[in-house]
$ cat data-v3.cif   # mmCIF, C-alpha atoms
data_entry
#
loop_
_atom_site.label_atom_id
_atom_site.label_comp_id
_atom_site.auth_asym_id
_atom_site.auth_seq_id
_atom_site.Cartn_x
_atom_site.Cartn_y
_atom_site.Cartn_z
CA MET A 271 -45.96 -16.47 50.10
CA ASP A 272 -44.87 -17.77 53.49
CA ILE A 273 -41.14 -18.19 54.14
CA ALA A 274 -41.70 -21.95 54.46
CA ASP A 275 -42.63 -21.97 50.76
CA LEU A 276 -39.14 -20.67 49.92
CA LEU A 277 -37.18 -23.16 51.98
CA CYS A 278 -35.57 -26.49 51.21
CA CYS A 279 -32.97 -28.74 52.79
CA PRO A 280 -29.47 -27.28 52.24
CA ARG A 281 -28.14 -30.77 51.41
CA CYS A 282 -30.71 -32.54 49.23
CA HIS A 283 -33.14 -29.68 48.41
CA SER A 284 -36.15 -31.63 49.69
CA ASP A 285 -38.92 -29.94 51.67
CA VAL A 286 -38.20 -28.88 55.24
CA ASP A 287 -40.62 -29.57 58.08
CA LEU A 288 -40.71 -26.49 60.31
CA GLY A 289 -42.60 -28.23 63.12
CA GLU A 290 -42.55 -26.83 66.61
CA THR A 291 -40.43 -29.66 68.02
CA LEU A 292 -37.81 -30.74 65.47
CA LEU A 293 -36.82 -28.94 62.28
CA ARG A 294 -35.90 -31.56 59.74
CA CYS A 295 -35.67 -32.58 56.10
CA THR A 296 -38.68 -34.53 54.88
CA SER A 297 -36.62 -37.05 52.85
CA PRO A 298 -35.80 -40.28 54.77
CA ASP A 299 -32.76 -40.66 52.52
CA CYS A 300 -31.22 -37.49 53.95
CA SER A 301 -29.32 -37.50 57.25
CA PHE A 302 -31.16 -34.34 58.30
CA PHE A 303 -34.39 -36.32 58.36
CA TRP A 304 -32.94 -38.09 61.40
CA THR A 305 -30.77 -35.43 63.06
CA GLY A 306 -32.85 -32.37 62.20
CA PHE A 307 -31.65 -28.78 62.41
CA PRO A 308 -31.11 -26.62 65.50
CA ARG A 309 -32.57 -23.20 66.22
CA ALA A 310 -30.82 -19.98 67.22
CA SER A 311 -32.91 -17.37 69.00
CA GLY A 312 -35.94 -19.21 67.65
CA GLN A 313 -34.75 -19.01 64.04
CA PRO A 314 -34.05 -22.13 61.92
CA VAL A 315 -30.35 -22.95 61.48
CA LEU A 316 -30.43 -24.56 58.04
CA ILE A 317 -26.73 -25.36 57.62
CA ASP A 318 -25.23 -28.53 56.17
CA PHE A 319 -22.72 -28.91 58.99
CA GLU A 320 -20.77 -31.74 57.38
CA ARG A 321 -19.81 -29.48 54.47
CA SER A 322 -19.65 -26.15 56.32
CA ILE A 323 -16.88 -24.41 58.24
CA PHE A 324 -19.43 -23.94 61.05
CA GLU A 325 -19.98 -26.60 63.70
CA ARG A 326 -23.36 -27.62 65.00
CA ALA A 327 -22.03 -27.18 68.55
CA ALA A 328 -21.53 -23.45 67.88
CA TYR A 329 -25.30 -23.03 68.04
CA ASP A 330 -25.79 -24.79 71.36
CA ASP A 331 -25.75 -21.43 73.16
CA ASP A 332 -28.64 -20.25 70.96
CA SER A 333 -26.42 -17.68 69.26
CA GLY A 334 -23.84 -19.11 66.87
CA SER A 335 -21.84 -15.90 66.57
CA VAL A 336 -18.09 -16.28 66.91
CA PHE A 337 -17.65 -12.55 67.62
CA ASP A 338 -19.37 -9.88 69.68
CA ARG A 339 -21.76 -8.20 67.26
CA ASP A 340 -23.27 -4.74 67.08
CA ASP A 341 -26.26 -5.23 64.81
CA THR A 342 -27.55 -1.71 65.54
CA GLY A 343 -24.46 0.11 64.24
CA ARG A 344 -24.71 2.52 67.17
CA GLY A 345 -21.87 1.15 69.28
CA LEU A 346 -18.78 3.28 69.92
CA ARG A 347 -16.46 0.90 68.06
CA VAL A 348 -18.61 0.95 64.91
CA ARG A 349 -19.08 4.72 65.02
CA LEU A 350 -15.34 5.34 65.41
CA ARG A 351 -14.55 3.05 62.48
CA ARG A 352 -17.15 4.74 60.28
CA MET A 353 -15.74 8.14 61.26
CA LEU A 354 -12.32 6.92 60.16
CA THR A 355 -13.22 5.25 56.86
CA GLY A 356 -16.24 7.36 55.97
CA PRO A 357 -19.57 6.31 54.43
CA ASN A 358 -19.88 3.75 51.67
CA PRO A 359 -20.04 5.99 48.56
CA VAL A 360 -21.79 3.43 46.34
CA THR A 361 -24.47 1.49 48.18
CA PRO A 362 -27.04 4.25 48.82
CA ALA A 363 -27.39 4.88 45.08
CA LYS A 364 -27.31 1.18 44.19
CA SER A 365 -29.90 0.23 46.80
CA ARG A 366 -32.23 2.92 45.44
CA GLN A 367 -31.56 1.72 41.89
CA MET A 368 -32.27 -1.86 42.90
CA VAL A 369 -35.59 -0.79 44.41
CA GLU A 370 -36.60 0.93 41.17
CA LEU A 371 -35.57 -1.99 38.96
CA LEU A 372 -37.35 -4.51 41.16
CA LYS A 373 -40.55 -2.47 41.20
CA GLN A 374 -40.49 -2.44 37.39
CA GLN A 375 -40.42 -6.24 37.38
CA THR A 376 -43.06 -7.02 40.02
CA SER A 377 -45.31 -5.23 42.49
CA THR A 378 -44.14 -7.36 45.44
CA PRO A 379 -40.44 -8.22 45.00
CA THR A 380 -38.67 -10.56 47.41
CA VAL A 381 -34.99 -9.90 48.14
CA LEU A 382 -32.56 -12.27 49.81
CA VAL A 383 -29.91 -10.58 51.94
CA ILE A 384 -26.89 -12.80 52.52
CA GLY A 385 -24.88 -11.61 55.49
CA GLY A 386 -27.77 -9.49 56.76
CA GLY A 387 -27.23 -9.85 60.50
CA ALA A 388 -26.54 -6.13 60.53
CA ILE A 389 -27.96 -3.79 57.88
CA GLY A 390 -25.12 -2.84 55.56
CA ALA A 391 -23.99 0.77 55.30
CA GLY A 392 -26.10 2.50 52.65
CA ALA A 393 -28.64 -0.33 52.27
CA ASP A 394 -31.41 1.52 54.13
CA PRO A 395 -33.47 2.37 50.99
CA LEU A 396 -33.84 -1.36 50.33
CA TYR A 397 -35.11 -2.03 53.83
CA SER A 398 -37.38 1.01 54.00
CA CYS A 399 -39.35 0.24 50.83
CA PRO A 400 -42.70 -1.18 51.99
CA ALA A 401 -43.27 -3.04 48.71
CA ILE A 402 -40.13 -5.16 49.12
CA ARG A 403 -40.05 -8.26 51.26
CA ILE A 404 -36.60 -8.83 52.77
CA VAL A 405 -35.50 -12.34 53.70
CA GLY A 406 -32.46 -11.89 55.91
CA THR A 407 -29.84 -14.57 56.46
CA ASP A 408 -26.50 -14.73 58.20
CA VAL A 409 -24.40 -17.30 60.02
CA TYR A 410 -25.88 -16.07 63.29
CA ALA A 411 -29.37 -15.00 64.32
CA SER A 412 -30.17 -11.32 64.78
CA MET A 413 -33.10 -8.93 64.75
CA ASN A 414 -32.49 -8.51 61.00
CA THR A 415 -32.47 -12.21 60.01
CA ASP A 416 -35.20 -14.76 59.38
CA LEU A 417 -32.95 -17.79 59.47
CA VAL A 418 -29.32 -18.88 59.80
CA ALA A 419 -27.66 -20.22 56.65
CA ASP A 420 -24.28 -20.83 55.01
CA GLY A 421 -24.08 -19.10 51.63
CA HIS A 422 -22.33 -22.10 50.07
CA PHE A 423 -25.50 -24.20 50.51
CA LEU A 424 -28.48 -21.87 50.48
CA PRO A 425 -31.62 -23.54 51.89
CA PHE A 426 -33.91 -22.07 49.23
CA ARG A 427 -35.66 -23.49 46.19
CA ASP A 428 -34.54 -22.58 42.68
CA GLU A 429 -35.58 -19.21 41.23
CA MET A 430 -37.34 -17.90 44.33
CA PHE A 431 -35.94 -14.36 44.61
CA ASP A 432 -36.25 -11.20 42.57
CA GLY A 433 -33.03 -9.80 44.02
CA VAL A 434 -30.00 -10.75 46.12
CA TRP A 435 -27.97 -8.32 48.21
CA ILE A 436 -24.55 -9.53 49.43
CA GLN A 437 -22.48 -6.72 50.94
CA ALA A 438 -19.01 -7.24 52.45
CA VAL A 439 -19.54 -11.00 52.66
CA LEU A 440 -17.64 -12.77 49.86
CA GLU A 441 -14.28 -12.19 51.58
CA HIS A 442 -15.58 -14.28 54.48
CA VAL A 443 -16.57 -17.40 52.51
CA LEU A 444 -14.24 -20.29 51.66
CA ASP A 445 -15.34 -20.59 48.03
CA PRO A 446 -16.86 -17.40 46.57
CA SER A 447 -17.60 -19.04 43.20
CA VAL A 448 -19.81 -21.63 44.91
CA VAL A 449 -21.70 -18.87 46.72
CA VAL A 450 -22.19 -16.91 43.47
CA ASN A 451 -23.47 -20.06 41.76
CA GLU A 452 -25.97 -20.43 44.59
CA ILE A 453 -27.04 -16.82 44.10
CA TYR A 454 -27.58 -17.58 40.41
CA ARG A 455 -29.63 -20.66 41.30
CA VAL A 456 -32.03 -18.94 43.70
CA LEU A 457 -32.54 -15.82 41.55
CA LYS A 458 -35.42 -15.68 39.12
CA PRO A 459 -34.60 -15.09 35.43
CA ASN A 460 -33.50 -11.44 35.10
CA GLY A 461 -33.17 -11.22 38.89
CA ILE A 462 -30.93 -8.45 40.23
CA VAL A 463 -27.78 -8.89 42.34
CA TYR A 464 -25.64 -6.35 44.19
CA ALA A 465 -22.30 -7.36 45.71
CA ASP A 466 -19.42 -5.41 47.15
CA THR A 467 -16.21 -7.03 48.30
CA PRO A 468 -12.83 -5.77 49.61
CA PHE A 469 -9.77 -5.47 47.41
CA ILE A 470 -7.05 -3.62 49.37
CA GLN A 471 -8.05 -4.24 52.95
CA GLN A 472 -6.28 -6.18 55.66
CA VAL A 473 -7.66 -9.25 57.38
CA HIS A 474 -10.72 -8.62 59.53
CA GLU A 475 -12.83 -11.15 61.43
CA GLU A 476 -9.66 -13.16 62.04
CA ALA A 477 -9.90 -16.79 60.86
CA TYR A 478 -13.15 -16.05 59.01
CA ASP A 479 -11.47 -13.95 56.30
CA PHE A 480 -10.21 -15.62 53.11
CA THR A 481 -10.31 -13.67 49.83
CA ARG A 482 -9.84 -10.33 48.04
CA PHE A 483 -10.82 -9.30 44.49
CA THR A 484 -9.64 -6.85 41.88
CA LEU A 485 -12.38 -5.23 39.81
CA SER A 486 -11.70 -7.66 36.94
CA GLY A 487 -11.57 -10.66 39.26
CA HIS A 488 -14.89 -9.64 40.79
CA ARG A 489 -16.43 -9.30 37.32
CA TRP A 490 -15.21 -12.79 36.38
CA LEU A 491 -16.73 -14.13 39.59
CA PHE A 492 -20.10 -12.82 38.36
CA ARG A 493 -19.48 -13.85 34.74
CA ARG A 494 -22.91 -15.54 34.44
CA PHE A 495 -24.56 -12.16 35.07
CA GLU A 496 -25.17 -9.22 32.76
CA GLU A 497 -23.49 -6.11 34.15
CA ILE A 498 -25.55 -3.03 34.95
CA ASP A 499 -22.69 -1.27 36.69
CA SER A 500 -19.43 -2.02 38.48
CA GLY A 501 -16.53 -0.08 39.92
CA PRO A 502 -14.48 0.80 42.99
CA VAL A 503 -15.84 1.32 46.49
CA GLY A 504 -13.29 3.78 47.81
CA GLY A 505 -9.84 4.26 46.32
CA ALA A 506 -6.21 4.50 47.39
CA GLY A 507 -6.95 7.11 50.07
CA LYS A 508 -9.40 4.90 51.89
CA ALA A 509 -7.08 1.93 51.50
CA LEU A 510 -4.26 4.00 53.02
CA VAL A 511 -6.38 4.88 56.05
CA TRP A 512 -7.10 1.16 56.52
CA SER A 513 -3.35 0.46 56.36
CA ILE A 514 -2.47 3.10 58.95
CA ARG A 515 -4.93 1.53 61.37
CA TYR A 516 -3.40 -1.89 60.79
CA VAL A 517 0.12 -0.54 61.31
CA ALA A 518 -1.06 0.40 64.81
CA LEU A 519 -2.64 -3.03 65.29
CA SER A 520 0.59 -4.72 64.19
CA MET A 521 2.40 -2.89 67.01
CA GLY A 522 0.09 -4.47 69.57
CA LEU A 523 -2.47 -1.73 70.10
CA SER A 524 -6.05 -2.77 70.82
CA THR A 525 -8.67 -2.36 68.12
CA ARG A 526 -10.05 0.78 69.75
CA LEU A 527 -6.64 2.38 70.32
CA ALA A 528 -5.57 1.55 66.76
CA THR A 529 -8.67 3.29 65.45
CA LEU A 530 -7.93 6.34 67.60
CA PHE A 531 -4.31 6.28 66.37
CA ALA A 532 -5.51 6.42 62.74
CA LEU A 533 -8.27 9.02 63.23
CA PRO A 534 -6.01 12.07 62.58
CA PHE A 535 -5.41 10.64 59.10
CA PHE A 536 -9.12 10.37 58.20
CA TRP A 537 -8.70 13.19 55.67
CA LEU A 538 -6.68 10.91 53.39
CA ARG A 539 -9.88 9.25 52.18
CA PHE A 540 -10.96 12.52 50.53
CA ILE A 541 -8.09 12.07 48.03
CA ASP A 542 -10.31 9.51 46.32
CA GLY A 543 -12.58 12.29 45.08
CA PHE A 544 -9.80 13.45 42.75
CA ALA A 545 -8.73 10.02 41.46
CA LYS A 546 -9.15 8.99 37.83
CA PRO A 547 -11.46 5.98 37.22
CA GLY A 548 -8.83 3.47 36.09
CA PRO A 549 -6.17 4.14 38.74
CA LYS A 550 -8.88 4.42 41.39
CA SER A 551 -10.11 0.92 40.52
CA ASP A 552 -6.55 -0.46 40.49
CA ALA A 553 -6.00 0.83 44.03
CA ALA A 554 -9.54 0.42 45.33
CA SER A 555 -10.32 -0.35 48.94
CA GLY A 556 -13.22 -2.45 47.64
CA VAL A 557 -15.12 -3.18 44.44
CA PHE A 558 -18.79 -3.69 43.56
CA PHE A 559 -20.83 -5.51 40.96
CA PHE A 560 -24.44 -4.68 40.12
CA GLY A 561 -26.04 -6.94 37.58
CA ARG A 562 -28.79 -9.16 36.30
CA ARG A 563 -29.07 -12.95 35.99
CA SER A 564 -28.28 -13.83 32.39
CA GLY A 565 -28.12 -16.87 30.15
CA THR A 566 -25.04 -15.59 28.30
CA PRO A 567 -21.88 -15.82 30.41
CA LEU A 568 -18.66 -13.91 29.79
CA THR A 569 -15.79 -15.78 28.17
CA ALA A 570 -12.08 -15.53 28.90
CA LYS A 571 -11.70 -13.41 25.74
CA ASP A 572 -13.99 -10.77 27.24
CA MET A 573 -11.79 -9.99 30.22
CA LEU A 574 -9.03 -7.88 28.65
CA PRO A 575 -11.56 -5.61 26.86
CA TYR A 576 -13.46 -5.36 30.17
CA TYR A 577 -10.39 -4.00 31.93
CA ALA A 578 -9.79 -1.55 29.08
CA SER A 579 -13.38 -0.33 29.30
CA LYS A 580 -12.86 0.78 32.91
CA ARG A 581 -9.87 3.02 32.22
#
$ encode --input "data-v3.cif" --output "structure tokens"
Amino acid sequence: MDIADLLCCPRCHSDVDLGETLLRCTSPDCSFFWTGFPRASGQPVLIDFERSIFERAAYDDDSGSVFDRDDTGRGLRVRLRRMLTGPNPVTPAKSRQMVELLKQQTSTPTVLVIGGGAIGAGADPLYSCPAIRIVGTDVYASMNTDLVADGHFLPFRDEMFDGVWIQAVLEHVLDPSVVVNEIYRVLKPNGIVYADTPFIQQVHEEAYDFTRFTLSGHRWLFRRFEEIDSGPVGGAGKALVWSIRYVALSMGLSTRLATLFALPFFWLRFIDGFAKPGPKSDAASGVFFFGRRSGTPLTAKDMLPYYASKR
């Protein structure tokens, strides 16, 4: 299946004409039939700009990124930060598990990565599986994306994907519940989703940072999904290392100097290895949800037992 077969207009869900001159919606009743969509680095920018936080003018320079990006993960700033906070302890296992579950469902699974401008820490097994087709999206074009999109208005037809991977993204969207509903819409029945989102972390990416979730709040966000697994991504130790770095930032140090200031305290993150499950979740640096599209949503009455089950 060609990527064009997956796409639709992010506003009216009509077909999209990916002609060489103007990218546009095929419905004359839609404004994007007349204005069309821009490109960034040759990739379609399928964003409903009237409803999005992003402006069409941001893509005039053929980039659309509001920050300097290191999509390789090899830059000094990224390496110093990873040395400080350590590896993601969850995603390597969950990406391998997702690969196995997807291969049980179909021989050629297609996975949508939302926020895939840079490959997330620990997601390499997903990308290295030759049987899986990755469709990468982000709000800017990169070597890892196929198109530019806003997660609130995904430009994909209903029930097109076997899996969705959304790592460290939901804190950067204005309305996470809308994004999760879009994930539900584009997933096939029994499709798999993996999400991890910060809980106790300070603001990063400046004005493009909006939300944090407890483990229970994250589960309620994905209430239309059957849970396979969920839990903390780092505990109080990792959260404390984050805070020390931001103490330095609050005193006016640059990002690099603040990271260097906090580096002697990197050992604090190893405390998390001794934490009990319940308290670790209550003080988590981040939380994850791994689940399956379901027709039976959670109810409000389910939430207190859910919290108790994680103690």
$ resolve_selection --input "data-v3.cif" --expression "the PyMOL selection byres ((chain A and resi 556-565) around 7)" --output "ChimeraX atom specification"
/A:454,459-470,485,489,494-504,554-555,566-567
$ atom_distance --input "data-v3.cif" --atom1 "CA of Ala327 (chain A)" --atom2 "CA of Tyr478 (chain A)"
17.1 Å
$ resolve_selection --input "data-v3.cif" --expression "the PyMOL selection byres ((chain A and resi 508) around 8)" --output "PyMOL selection string"
chain A and resi 355+504-507+509-512+538-540+542+554-555
$ residues_around --input "data-v3.cif" --residues "region 276-290 of chain A" --least-positions-apart "6" --cutoff "7 Å" --atoms "only C-alpha atoms" --output "ChimeraX atom specification"
/A:296-297,300,316-318,423-427,430
$ closest_atom_pairs --input "data-v3.cif" --of "region 464-489 of chain A" --to "region 441-448 of chain A" --cutoff "6 Å" --atoms "all atoms listed in the file" --output "CSV"
residue,atom,partner,partner_atom,distance
A:Tyr478,CA,A:His442,CA,5.4
A:Asp479,CA,A:His442,CA,4.5
A:Phe480,CA,A:Glu441,CA,5.5
A:Thr481,CA,A:Glu441,CA,4.6
A:Arg482,CA,A:Glu441,CA,6.0
$ axis_aligned_box --input "data-v3.cif" --around "region 411-424 of chain A" --padding-each-side "5 Å" --output "lines of an AutoDock Vina configuration file"
center_x = -28.8
center_y = -16.4
center_z = 57.4
size_x = 22.9
size_y = 25.7
size_z = 24.7
$ residues_around --input "data-v3.cif" --residues "region 384-396 of chain A" --least-positions-apart "3" --cutoff "6 Å" --atoms "only C-alpha atoms" --output "ChimeraX atom specification"
/A:341,361-362,365-366,399,406-408,412,414-415,436
$ write_last_selection --input "data-v3.cif" --atoms "C-alpha atoms" --output "PDB file, keeping the file's coordinate frame"
ATOM      1  CA  ASP A 341     -26.260  -5.230  64.810  1.00  0.00           C
ATOM      2  CA  THR A 361     -24.470   1.490  48.180  1.00  0.00           C
ATOM      3  CA  PRO A 362     -27.040   4.250  48.820  1.00  0.00           C
ATOM      4  CA  SER A 365     -29.900   0.230  46.800  1.00  0.00           C
ATOM      5  CA  ARG A 366     -32.230   2.920  45.440  1.00  0.00           C
ATOM      6  CA  CYS A 399     -39.350   0.240  50.830  1.00  0.00           C
ATOM      7  CA  GLY A 406     -32.460 -11.890  55.910  1.00  0.00           C
ATOM      8  CA  THR A 407     -29.840 -14.570  56.460  1.00  0.00           C
ATOM      9  CA  ASP A 408     -26.500 -14.730  58.200  1.00  0.00           C
ATOM     10  CA  SER A 412     -30.170 -11.320  64.780  1.00  0.00           C
ATOM     11  CA  ASN A 414     -32.490  -8.510  61.000  1.00  0.00           C
ATOM     12  CA  THR A 415     -32.470 -12.210  60.010  1.00  0.00           C
ATOM     13  CA  ILE A 436     -24.550  -9.530  49.430  1.00  0.00           C
TER      14      ILE A 436
END
$ resolve_selection --input "data-v3.cif" --expression "the PyMOL selection byres ((chain A and resi 519-527) around 12)" --output "PDB file with C-alpha atoms, in the frame of the given file"
ATOM      1  CA  GLY A 345     -21.870   1.150  69.280  1.00  0.00           C
ATOM      2  CA  LEU A 346     -18.780   3.280  69.920  1.00  0.00           C
ATOM      3  CA  ARG A 347     -16.460   0.900  68.060  1.00  0.00           C
ATOM      4  CA  VAL A 348     -18.610   0.950  64.910  1.00  0.00           C
ATOM      5  CA  ARG A 349     -19.080   4.720  65.020  1.00  0.00           C
ATOM      6  CA  LEU A 350     -15.340   5.340  65.410  1.00  0.00           C
ATOM      7  CA  ARG A 351     -14.550   3.050  62.480  1.00  0.00           C
ATOM      8  CA  LEU A 354     -12.320   6.920  60.160  1.00  0.00           C
ATOM      9  CA  GLN A 472      -6.280  -6.180  55.660  1.00  0.00           C
ATOM     10  CA  VAL A 473      -7.660  -9.250  57.380  1.00  0.00           C
ATOM     11  CA  HIS A 474     -10.720  -8.620  59.530  1.00  0.00           C
ATOM     12  CA  GLU A 475     -12.830 -11.150  61.430  1.00  0.00           C
ATOM     13  CA  TRP A 512      -7.100   1.160  56.520  1.00  0.00           C
ATOM     14  CA  SER A 513      -3.350   0.460  56.360  1.00  0.00           C
ATOM     15  CA  ILE A 514      -2.470   3.100  58.950  1.00  0.00           C
ATOM     16  CA  ARG A 515      -4.930   1.530  61.370  1.00  0.00           C
ATOM     17  CA  TYR A 516      -3.400  -1.890  60.790  1.00  0.00           C
ATOM     18  CA  VAL A 517       0.120  -0.540  61.310  1.00  0.00           C
ATOM     19  CA  ALA A 518      -1.060   0.400  64.810  1.00  0.00           C
ATOM     20  CA  ALA A 528      -5.570   1.550  66.760  1.00  0.00           C
ATOM     21  CA  THR A 529      -8.670   3.290  65.450  1.00  0.00           C
ATOM     22  CA  LEU A 530      -7.930   6.340  67.600  1.00  0.00           C
ATOM     23  CA  PHE A 531      -4.310   6.280  66.370  1.00  0.00           C
ATOM     24  CA  ALA A 532      -5.510   6.420  62.740  1.00  0.00           C
ATOM     25  CA  LEU A 533      -8.270   9.020  63.230  1.00  0.00           C
TER      26      LEU A 533
END
$ residues_around --input "data-v3.cif" --residues "Pro400 (chain A)" --least-positions-apart "3" --cutoff "12 Å" --atoms "all atoms listed in the file" --output "mmCIF file with C-alpha atoms, in the frame of the given file"
data_model
loop_
_atom_site.group_PDB
_atom_site.id
_atom_site.type_symbol
_atom_site.label_atom_id
_atom_site.label_comp_id
_atom_site.auth_asym_id
_atom_site.auth_seq_id
_atom_site.Cartn_x
_atom_site.Cartn_y
_atom_site.Cartn_z
ATOM 1 C CA VAL A 369 -35.590 -0.790 44.410
ATOM 2 C CA LYS A 373 -40.550 -2.470 41.200
ATOM 3 C CA SER A 377 -45.310 -5.230 42.490
ATOM 4 C CA THR A 378 -44.140 -7.360 45.440
ATOM 5 C CA PRO A 379 -40.440 -8.220 45.000
ATOM 6 C CA THR A 380 -38.670 -10.560 47.410
ATOM 7 C CA ASP A 394 -31.410 1.520 54.130
ATOM 8 C CA PRO A 395 -33.470 2.370 50.990
ATOM 9 C CA LEU A 396 -33.840 -1.360 50.330
ATOM 10 C CA TYR A 397 -35.110 -2.030 53.830
ATOM 11 C CA ARG A 403 -40.050 -8.260 51.260
ATOM 12 C CA ILE A 404 -36.600 -8.830 52.770
#
$ residues_near_point --input "data-v3.cif" --point "(-11.1, -5.4, 31.3)" --cutoff "12 Å" --atoms "all atoms listed in the file" --output "compact mmCIF listing (two decimals) with C-alpha atoms, in the frame of the given file"
# COMPACT_ATOMS: atom_id res chain seq x y z
CA THR A 484 -9.64 -6.85 41.88
CA LEU A 485 -12.38 -5.23 39.81
CA SER A 486 -11.70 -7.66 36.94
CA GLY A 487 -11.57 -10.66 39.26
CA HIS A 488 -14.89 -9.64 40.79
CA ARG A 489 -16.43 -9.30 37.32
CA TRP A 490 -15.21 -12.79 36.38
CA SER A 500 -19.43 -2.02 38.48
CA GLY A 501 -16.53 -0.08 39.92
CA GLY A 548 -8.83 3.47 36.09
CA SER A 551 -10.11 0.92 40.52
CA ASP A 552 -6.55 -0.46 40.49
CA LEU A 568 -18.66 -13.91 29.79
CA THR A 569 -15.79 -15.78 28.17
CA ALA A 570 -12.08 -15.53 28.90
CA LYS A 571 -11.70 -13.41 25.74
CA ASP A 572 -13.99 -10.77 27.24
CA MET A 573 -11.79 -9.99 30.22
CA LEU A 574 -9.03 -7.88 28.65
CA PRO A 575 -11.56 -5.61 26.86
CA TYR A 576 -13.46 -5.36 30.17
CA TYR A 577 -10.39 -4.00 31.93
CA ALA A 578 -9.79 -1.55 29.08
CA SER A 579 -13.38 -0.33 29.30
CA LYS A 580 -12.86 0.78 32.91
CA ARG A 581 -9.87 3.02 32.22
$ atom_distance --input "data-v3.cif" --atom1 "CA of Ala477 (chain A)" --atom2 "CA of Phe324 (chain A)"
11.9 Å
$ closest_residue --input "data-v3.cif" --among "A:Val360, A:Ala545, A:Ile402, A:Leu417" --to "Leu372 (chain A)" --atoms "only C-alpha atoms"
A:Ile402
$ residues_around --input "data-v3.cif" --residues "Glu429 (chain A)" --least-positions-apart "2" --cutoff "8 Å" --atoms "all atoms listed in the file" --output "count of residues only"
7
$ atom_distance --input "data-v3.cif" --atom1 "CA of Ser322 (chain A)" --atom2 "CA of Arg493 (chain A)"
24.8 Å
$ closest_residue --input "data-v3.cif" --among "A:Met353, A:Val450, A:Ala553, A:Val409" --to "Gln313 (chain A)" --atoms "only C-alpha atoms"
A:Val409
$ closest_residue --input "data-v3.cif" --among "A:Asp272, A:Asp432, A:Asp420, A:Glu452" --to "Phe319 (chain A)" --atoms "all atoms listed in the file"
A:Asp420
$ closest_residue --input "data-v3.cif" --among "A:Lys364, A:Ala310, A:Gly421, A:Asp275" --to "Ile323 (chain A)" --atoms "all atoms listed in the file"
A:Gly421
$ build_atoms --input "data-v3.cif" --residues "region 476-489 of chain A" --atoms "N, CA and C atoms" --output "PDB file, keeping the file's coordinate frame"
ATOM      1  N   GLU A 476     -10.620 -12.129  61.683  1.00  0.00           N
ATOM      2  CA  GLU A 476      -9.660 -13.160  62.040  1.00  0.00           C
ATOM      3  C   GLU A 476      -9.699 -14.375  61.111  1.00  0.00           C
ATOM      4  N   ALA A 477      -9.952 -15.571  61.663  1.00  0.00           N
ATOM      5  CA  ALA A 477      -9.900 -16.790  60.860  1.00  0.00           C
ATOM      6  C   ALA A 477     -11.012 -16.891  59.834  1.00  0.00           C
ATOM      7  N   TYR A 478     -12.010 -16.010  59.926  1.00  0.00           N
ATOM      8  CA  TYR A 478     -13.150 -16.050  59.010  1.00  0.00           C
ATOM      9  C   TYR A 478     -12.990 -15.020  57.892  1.00  0.00           C
ATOM     10  N   ASP A 479     -11.783 -14.899  57.363  1.00  0.00           N
ATOM     11  CA  ASP A 479     -11.470 -13.950  56.300  1.00  0.00           C
ATOM     12  C   ASP A 479     -10.536 -14.653  55.325  1.00  0.00           C
ATOM     13  N   PHE A 480     -10.916 -14.726  54.026  1.00  0.00           N
ATOM     14  CA  PHE A 480     -10.210 -15.620  53.110  1.00  0.00           C
ATOM     15  C   PHE A 480      -9.754 -14.994  51.792  1.00  0.00           C
ATOM     16  N   THR A 481     -10.479 -14.000  51.250  1.00  0.00           N
ATOM     17  CA  THR A 481     -10.310 -13.670  49.830  1.00  0.00           C
ATOM     18  C   THR A 481     -10.420 -12.170  49.585  1.00  0.00           C
ATOM     19  N   ARG A 482      -9.703 -11.688  48.542  1.00  0.00           N
ATOM     20  CA  ARG A 482      -9.840 -10.330  48.040  1.00  0.00           C
ATOM     21  C   ARG A 482      -9.976 -10.369  46.520  1.00  0.00           C
ATOM     22  N   PHE A 483     -10.587  -9.310  45.941  1.00  0.00           N
ATOM     23  CA  PHE A 483     -10.820  -9.300  44.490  1.00  0.00           C
ATOM     24  C   PHE A 483     -10.440  -7.953  43.885  1.00  0.00           C
ATOM     25  N   THR A 484      -9.740  -8.010  42.740  1.00  0.00           N
ATOM     26  CA  THR A 484      -9.640  -6.850  41.880  1.00  0.00           C
ATOM     27  C   THR A 484     -10.992  -6.623  41.202  1.00  0.00           C
ATOM     28  N   LEU A 485     -11.131  -5.492  40.529  1.00  0.00           N
ATOM     29  CA  LEU A 485     -12.380  -5.230  39.810  1.00  0.00           C
ATOM     30  C   LEU A 485     -12.609  -6.284  38.729  1.00  0.00           C
ATOM     31  N   SER A 486     -11.556  -6.645  37.994  1.00  0.00           N
ATOM     32  CA  SER A 486     -11.700  -7.660  36.940  1.00  0.00           C
ATOM     33  C   SER A 486     -11.989  -9.032  37.528  1.00  0.00           C
ATOM     34  N   GLY A 487     -11.317  -9.373  38.631  1.00  0.00           N
ATOM     35  CA  GLY A 487     -11.570 -10.660  39.260  1.00  0.00           C
ATOM     36  C   GLY A 487     -12.987 -10.776  39.779  1.00  0.00           C
ATOM     37  N   HIS A 488     -13.512  -9.675  40.294  1.00  0.00           N
ATOM     38  CA  HIS A 488     -14.890  -9.640  40.790  1.00  0.00           C
ATOM     39  C   HIS A 488     -15.867  -9.813  39.631  1.00  0.00           C
ATOM     40  N   ARG A 489     -15.551  -9.164  38.492  1.00  0.00           N
ATOM     41  CA  ARG A 489     -16.430  -9.300  37.320  1.00  0.00           C
ATOM     42  C   ARG A 489     -16.438 -10.742  36.826  1.00  0.00           C
TER      43      ARG A 489
END
